[in-house]
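Asker: Structure in structure tokens, see below.
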Amino acid sequence: MKVDISGEYKVYLDSDHEKEFVAKLPGSLDENKIGLVDNILITEQGKSQKKAEGPIATRLTRKFSYYGKAYYKRELSDALSGFEKELSKRLFIKVERSRNLFLKVDDREVKALRGSLSTHYLFEVTGLLKKDSTIEFICDNDYENMPRAGIIYSSTATDETQTNWNGLLGQMSLFSKECAFVERLSIYPKAGSAEIEAVVNSDRAFNGKITLNSEAFEDEVLIELDLAEKGSFTVKTTVALKKDVRRWDEYEGNLYSCKWSLFDNNGTELDESTETFGIRDFSYDNEGRLTINGRRFFLRGEANCAEFPETGHAPMDVESWLKVMEKYKSYGINCVRFHSHCPVEAAFVAADKLGIMVQPELSHWNPNDAFVEKYSREYYEKELKEIIKEYANHPSFVMLTLGNELGSDIAGTRVMIELVKMAKDIDDTRLFAWGSNVFYGEKGYNKDSDFYTSMGYYKDMLRATSPGMIGFLNNEYPSASQDFSKVTAQIRNEYKKPIFGFEVGQYEVLPDFNELEDFKGVTDPVNLKLVKEHADKVGILRDWDKYVEATGELSRLCYREEVESVLRTPDMSGLSLLGIQDFPGQGTALVGMMNSHLEPKKYDFAKAEKFRAFYREALPLVLLPKYTYTDDESVTALVKIANYGKKALEGTFKVKLVDAADDKVLEEYKISENACCKVGELTEIGKIDFSLSGSLSDKKARELLIIAYLENTDIENTYPIWVYQKEFLKDIQSPENVYETRAFDDKAIEVLENGGIVYLSPDSTADAIPSSIKCQFSPDFWCADMFKEQEGSMGQLINKEHPIFKDFPTNNYSQWQWWPMASQRAFIMPEYITSIITEMDSYMYLRPMSMLFEAKCLKGKVLASSMGLHNLLEHPEARALLMNIYRYISSDEFEPEQEIDISFIQKIMLKN
């Protein structure tokens, strides 16, 4: 029999033990509006803390916060009504989720039988409860006698996302059991059989049996019990599975139930329940590729960092988690990595139903001395065992690591290796690794780990960009042929297990202020409000939607390149993103297509179908050597198909060349008529060879689209290319009526005083433009506040309707044809003015920046470029842009509306 013990509790805090509060449980102190209003800011990876001075600009702000022990008291007389006859039986209290939790019954301490930050707490209170007993839960979120640094820096307890809440969540119950009962029953499917493991608890010597029945089993299972003494005992048996059993698979939540009963030797039923489980084999093949049910698949992961701004903690119900998982699924995600935390039971249930794979982690983020800190080995070994055992019946639970970005000395590393071995001994149906991005990849793989996931391997990258803007995306001329084969070949010299990317992406988008109206719960978005105030102050709030859209489009373009570069790498099993969802802490890293509430941002770039267009199980890949051409060239490239679906792709593969402006098909042909692309393979199916001669019939530059597709299916991929006129780019000369200068010299001033035209085009260097920053093609990595080695540029906002672009096809955001120019410097101007090309700045600074602007000055007109186009003339896109600039400034169209003072330019160009 079970009774609910949720409800109102009296609450006392260590900071003021005399003051009494009332809280409704389940819930947190924050939700009950109990705690301090002067927030505490956690610093130095959880090792120290201090009160925040003024508004917190780097994360969401808790409206109430509390660190320490909180005491929750309640008399049980009402709850025990109708339960009196059960008080003579074995009694237990269960709390589904809490922090470090203790229990007293009538002031008598009760030791927890089990419990961790990642699993439920269970207390045996047999013989302690009376009709009028008072229970007291003591919840400690300061983690006394625990590895505090690793915990409080992890997603389990950080105020950067989930918040370090104090309280009791989920199911709170008192229940009775007979003298013997089944503590846990786990089902481990393996090939054509399943291993059954039952833990039987008895308060005396016991003889009896357990019977189990399931549609998945060939026969009824009978486990005979002969327990010579009291205690907990593990018994095992194996059952054959039916040959036609349905497999749990990616997006196929095939589940079974197992009804079991415990009988004593008299045939009396003492305990019974039903377990839900799934049948799947999760492993890797002899080439080190991840497999599910023997089939290779492509891991399309996402990092969930426990962002739940309304409650400050994860939801506890299945319905809410089904909505979360459906949103992930809509963006193409098939695996959710729970970054340095383990989700609640409801999350596993939802993932089971939807066929979404799950990778939990211990509540551990310690890049300095992992497993060396006092209490560390003891606590994390306990948490590891409890996670593996508590969630054993969930087929969605496929992998686990010991934490995020762990680093340590030799002793700590030894513990990592020992814990991985221990985990594999407990459960060989899942994969385990010592951590995600351990030592930041700088020490390579651990041979005992079942997979390797990291940002790199020693000094080589396994993603397109990282802090400091290293990586090919911002440092090598763009193509659609980059991959990581050279790095994986080094790993494969000795390590033959799966490799997948870690926290890939992290491309920031400027804040979506539409989200501000959604904050109604325990957190206040002070950080976002401060950015909005700043944007308003500098005068760009009216254009803010354009800024967000432009950074969002660029961000998604960069995410696509990350994904396709991994798809092009045969030895990689996939990647895990960071991320689809904004991270509202750690400096405020707004890297998602969805906001912190896990809602798609209200912009076109954030539509799920646009992301899912490349984050999917099967995709044609055209290995373009570049994106820009002249009309005397041909586009030649291999075409491959990455097929990680459930069946071979057969049929006619076609490719067509389309004019992006009017969707007119310029050319189309078959590249393979009877191709067969096997499951789990990257298959070369042919080669494209488009001659661009005649593609510019009206002598105008064009954006063209190369579309590769499998006929009569939705298997399709589109690549833009830009084509420019060769004959117009041969000899580009500055117009005679224009004074072109690399410096704002006396002659430039004289020309302007005389009503002339100045084209100010300095070299794109710090010396030539003292008031400038070095830009890169992509937006910020994560955010400039956390990684201050980057300068803060966020890509370009382009006035595509400006007449300067009449013969230079462009959108209003950076695409690949802008790569050479976008990688130069940007003017930092004295104030915001209207620019033809605005270099957008990080929310952290919001400096007025430009790459191209025009204005009246003195009696003349000036056009200023920071891109140093004269030094980029090996690129047709740079020559074409310069040609258009010359055409424009020498024409009658060059009539700037805004006016600037001469000092405006001097402040940019002259050293102080």
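Starting from 1 in every chain, residues are counted up; chains themselves are A, B, ... following the order of the structure tokens, and ligands are numbered from 1 as listed.
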Please report, as a PDB file with C-alpha atoms, in the first residue's frame, each residue of segment 411-536 of chain A to which DSSP assigns alpha helix (DSSP H) when run on this structure's backbone.

Answerer:
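Heads up, here's the output in result_31.pdb:
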ATOM      1  CA  ALA A 411      45.803   9.251  -9.323  1.00  0.00           C
ATOM      2  CA  GLY A 412      42.559  10.815 -10.590  1.00  0.00           C
ATOM      3  CA  THR A 413      43.064   9.339 -14.047  1.00  0.00           C
ATOM      4  CA  ARG A 414      43.520   5.914 -12.501  1.00  0.00           C
ATOM      5  CA  VAL A 415      40.137   6.288 -10.800  1.00  0.00           C
ATOM      6  CA  MET A 416      38.496   7.195 -14.124  1.00  0.00           C
ATOM      7  CA  ILE A 417      39.839   4.033 -15.709  1.00  0.00           C
ATOM      8  CA  GLU A 418      38.758   1.902 -12.741  1.00  0.00           C
ATOM      9  CA  LEU A 419      35.234   3.323 -12.763  1.00  0.00           C
ATOM     10  CA  VAL A 420      34.819   2.675 -16.488  1.00  0.00           C
ATOM     11  CA  LYS A 421      35.864  -0.938 -15.977  1.00  0.00           C
ATOM     12  CA  MET A 422      33.469  -1.234 -13.050  1.00  0.00           C
ATOM     13  CA  ALA A 423      30.572   0.150 -15.100  1.00  0.00           C
ATOM     14  CA  LYS A 424      31.231  -2.320 -17.917  1.00  0.00           C
ATOM     15  CA  ASP A 425      31.318  -5.181 -15.421  1.00  0.00           C
ATOM     16  CA  ILE A 426      27.936  -4.140 -14.020  1.00  0.00           C
ATOM     17  CA  SER A 485      40.043  11.931 -42.073  1.00  0.00           C
ATOM     18  CA  LYS A 486      43.624  12.886 -41.252  1.00  0.00           C
ATOM     19  CA  VAL A 487      42.786  13.132 -37.555  1.00  0.00           C
ATOM     20  CA  THR A 488      40.728   9.961 -37.415  1.00  0.00           C
ATOM     21  CA  ALA A 489      43.491   8.080 -39.252  1.00  0.00           C
ATOM     22  CA  GLN A 490      45.841   8.954 -36.397  1.00  0.00           C
ATOM     23  CA  ILE A 491      43.330   7.728 -33.831  1.00  0.00           C
ATOM     24  CA  ARG A 492      42.688   4.564 -35.819  1.00  0.00           C
ATOM     25  CA  VAL A 526      18.440  40.577 -16.130  1.00  0.00           C
ATOM     26  CA  ASN A 527      21.264  39.705 -18.527  1.00  0.00           C
ATOM     27  CA  LEU A 528      18.966  39.947 -21.546  1.00  0.00           C
ATOM     28  CA  LYS A 529      17.300  43.098 -20.242  1.00  0.00           C
ATOM     29  CA  LEU A 530      20.705  44.762 -19.910  1.00  0.00           C
ATOM     30  CA  VAL A 531      21.496  43.945 -23.527  1.00  0.00           C
ATOM     31  CA  LYS A 532      18.152  45.337 -24.654  1.00  0.00           C
ATOM     32  CA  GLU A 533      18.758  48.550 -22.708  1.00  0.00           C
ATOM     33  CA  HIS A 534      22.199  48.851 -24.285  1.00  0.00           C
ATOM     34  CA  ALA A 535      20.832  48.272 -27.799  1.00  0.00           C
ATOM     35  CA  ASP A 536      18.213  50.944 -27.198  1.00  0.00           C
TER      36      ASP A 536
END

Asker: Residues near Asn884 of chain A, anyone? I mean within 7 Å using only C-alpha atoms, not counting same-chain ones fewer than 2 positions away, as a list of chain:residue names.

Answerer: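 The residues that qualify are A:Ile804, A:Phe805, A:Asp807, A:Ala880, A:Leu881, A:Leu882, A:Tyr886, A:Arg887, A:Tyr888.
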
Asker: Can you check which residues of segment 158-404 of chain A DSSP gives as strand (DSSP E or B) on the backbone and send them as JSON, numbers by chain?

Answerer: {"A": [167, 168, 169, 170, 171, 172, 173, 174, 175, 176, 177, 180, 181, 182, 183, 184, 185, 186, 187, 188, 189, 190, 193, 194, 195, 196, 197, 198, 199, 200, 201, 202, 206, 207, 208, 209, 210, 211, 212, 213, 214, 217, 221, 222, 223, 224, 225, 226, 227, 231, 232, 233, 234, 235, 236, 237, 238, 239, 240, 241, 249, 252, 256, 257, 258, 259, 260, 261, 262, 263, 264, 269, 270, 271, 272, 273, 274, 275, 276, 277, 282, 283, 284, 290, 291, 292, 295, 296, 299, 300, 301, 302, 303, 304, 335, 336, 337, 338, 357, 358, 359, 361, 397, 399, 400, 401, 404]}

Asker: Excluding Ala240 of chain A and residues on its chain fewer than 6 positions from it, collect all residues at most 12 Å away from it, counting only C-alpha atoms, and give them as JSON, numbers by chain.

Answerer: {"A": [188, 189, 190, 191, 192, 193, 194, 195, 196, 214, 215, 216, 217, 218, 219, 220, 221]}

Asker: Please provide the set of residues having any atom within 8 Å of Val655 of chain A, restricted to only C-alpha atoms, with same-chain residues fewer than 4 positions apart removed, written as a list in words.

Answerer: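 The filter keeps Glu668, Tyr669, Lys670, Ile671, Ile688, Ile706, Ile707, Ala708 and Tyr709 of chain A.
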
Asker: Rounded to one decimal, what separation in Å do you get between atom CA of Leu575 of chain A and atom CA of Ser330 of chain A?

Answerer: 17.2 Å

Asker: Nearest to Ser481 of chain A: which of A:Gly468, A:Pro625, A:Pro395, A:Gly435 is it, counting only C-alpha atoms?

Answerer: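 Among the listed residues, A:Pro625 lies closest to Ser481 of chain A.
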
Asker: Taking into account only C-alpha atoms, which residue in the set A:Gly552, A:Gly127, A:Gly267, A:Gly756 is nearest to Lys607 of chain A?

Answerer: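 Closest to Lys607 of chain A, using only C-alpha atoms: A:Gly552.
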
Asker: Please compute the atom CA of Asp731 of chain A-atom CA of Ile837 of chain A distance, one decimal, in Å.

Answerer: 25.0 Å

Asker: Skip Glu789 of chain A itself and residues of its chain fewer than 3 positions away, then list as a list in words all residues within 10 Å of it, counting only C-alpha atoms.

Answerer: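 Contacts, with the query itself left out: Pro467, Gly468, Met469, Ala784, Asp785, Met786 and Gly792 of chain A.
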
Asker: Taking N, CA and C atoms for each residue, export the selection above as a CSV table (one decimal), in the first residue's frame.

Answerer:
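This went into part.csv:
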chain,number,residue,atom,x,y,z
A,467,PRO,N,37.5,27.9,-29.5
A,467,PRO,CA,37.9,29.2,-28.9
A,467,PRO,C,39.3,29.6,-29.6
A,468,GLY,N,39.4,30.9,-29.8
A,468,GLY,CA,40.6,31.4,-30.5
A,468,GLY,C,40.4,31.4,-32.0
A,469,MET,N,39.2,30.9,-32.4
A,469,MET,CA,38.9,30.9,-33.8
A,469,MET,C,39.9,30.0,-34.6
A,784,ALA,N,31.7,36.1,-26.2
A,784,ALA,CA,33.0,36.9,-26.0
A,784,ALA,C,33.3,37.1,-24.6
A,785,ASP,N,32.3,37.0,-23.7
A,785,ASP,CA,32.5,37.2,-22.3
A,785,ASP,C,33.3,36.1,-21.7
A,786,MET,N,33.0,34.8,-22.2
A,786,MET,CA,33.7,33.7,-21.6
A,786,MET,C,35.1,33.4,-22.3
A,792,GLY,N,34.9,39.5,-31.0
A,792,GLY,CA,33.5,39.8,-30.8
A,792,GLY,C,32.7,40.0,-32.0

Asker: Compare A:Ser363, A:Thr628, A:Thr401, A:Asn737 by their minimum atom-to-atom distance to Ser376 of chain A, counting only C-alpha atoms, and give me the closest one.

Answerer: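 Of the candidates, the smallest distance to Ser376 of chain A is held by A:Ser363.
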
Asker: At what distance in Å, to one decimal, does atom CA of Phe904 of chain A lie from atom CA of Tyr845 of chain A?

Answerer: 19.8 Å

Asker: Give me the residues within 7 Å of segment 855-866 of chain A as a list in words, counting only C-alpha atoms and dropping any in the same chain fewer than 5 places off.

Answerer: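 Near neighbours after the sequence-gap exclusion: Leu752, Glu753, Asn754, Gly755, Gly756, Ile757, Val758, Tyr759, Leu760, Ser761, Pro762, Ser764, Arg825, Ala826, Phe827, Pro896, Glu897, Gln898, Glu899, Ile900, Asp901 and Ile902 of chain A.
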
Asker: Which residue out of A:Glu831, A:Met572, A:Asn201, A:Pro803 has the minimum interatomic distance to Glu895 of chain A when only C-alpha atoms are used?

Answerer: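 Going through A:Glu831, A:Met572, A:Asn201, A:Pro803 one by one, the smallest distance to Glu895 of chain A is for A:Pro803.
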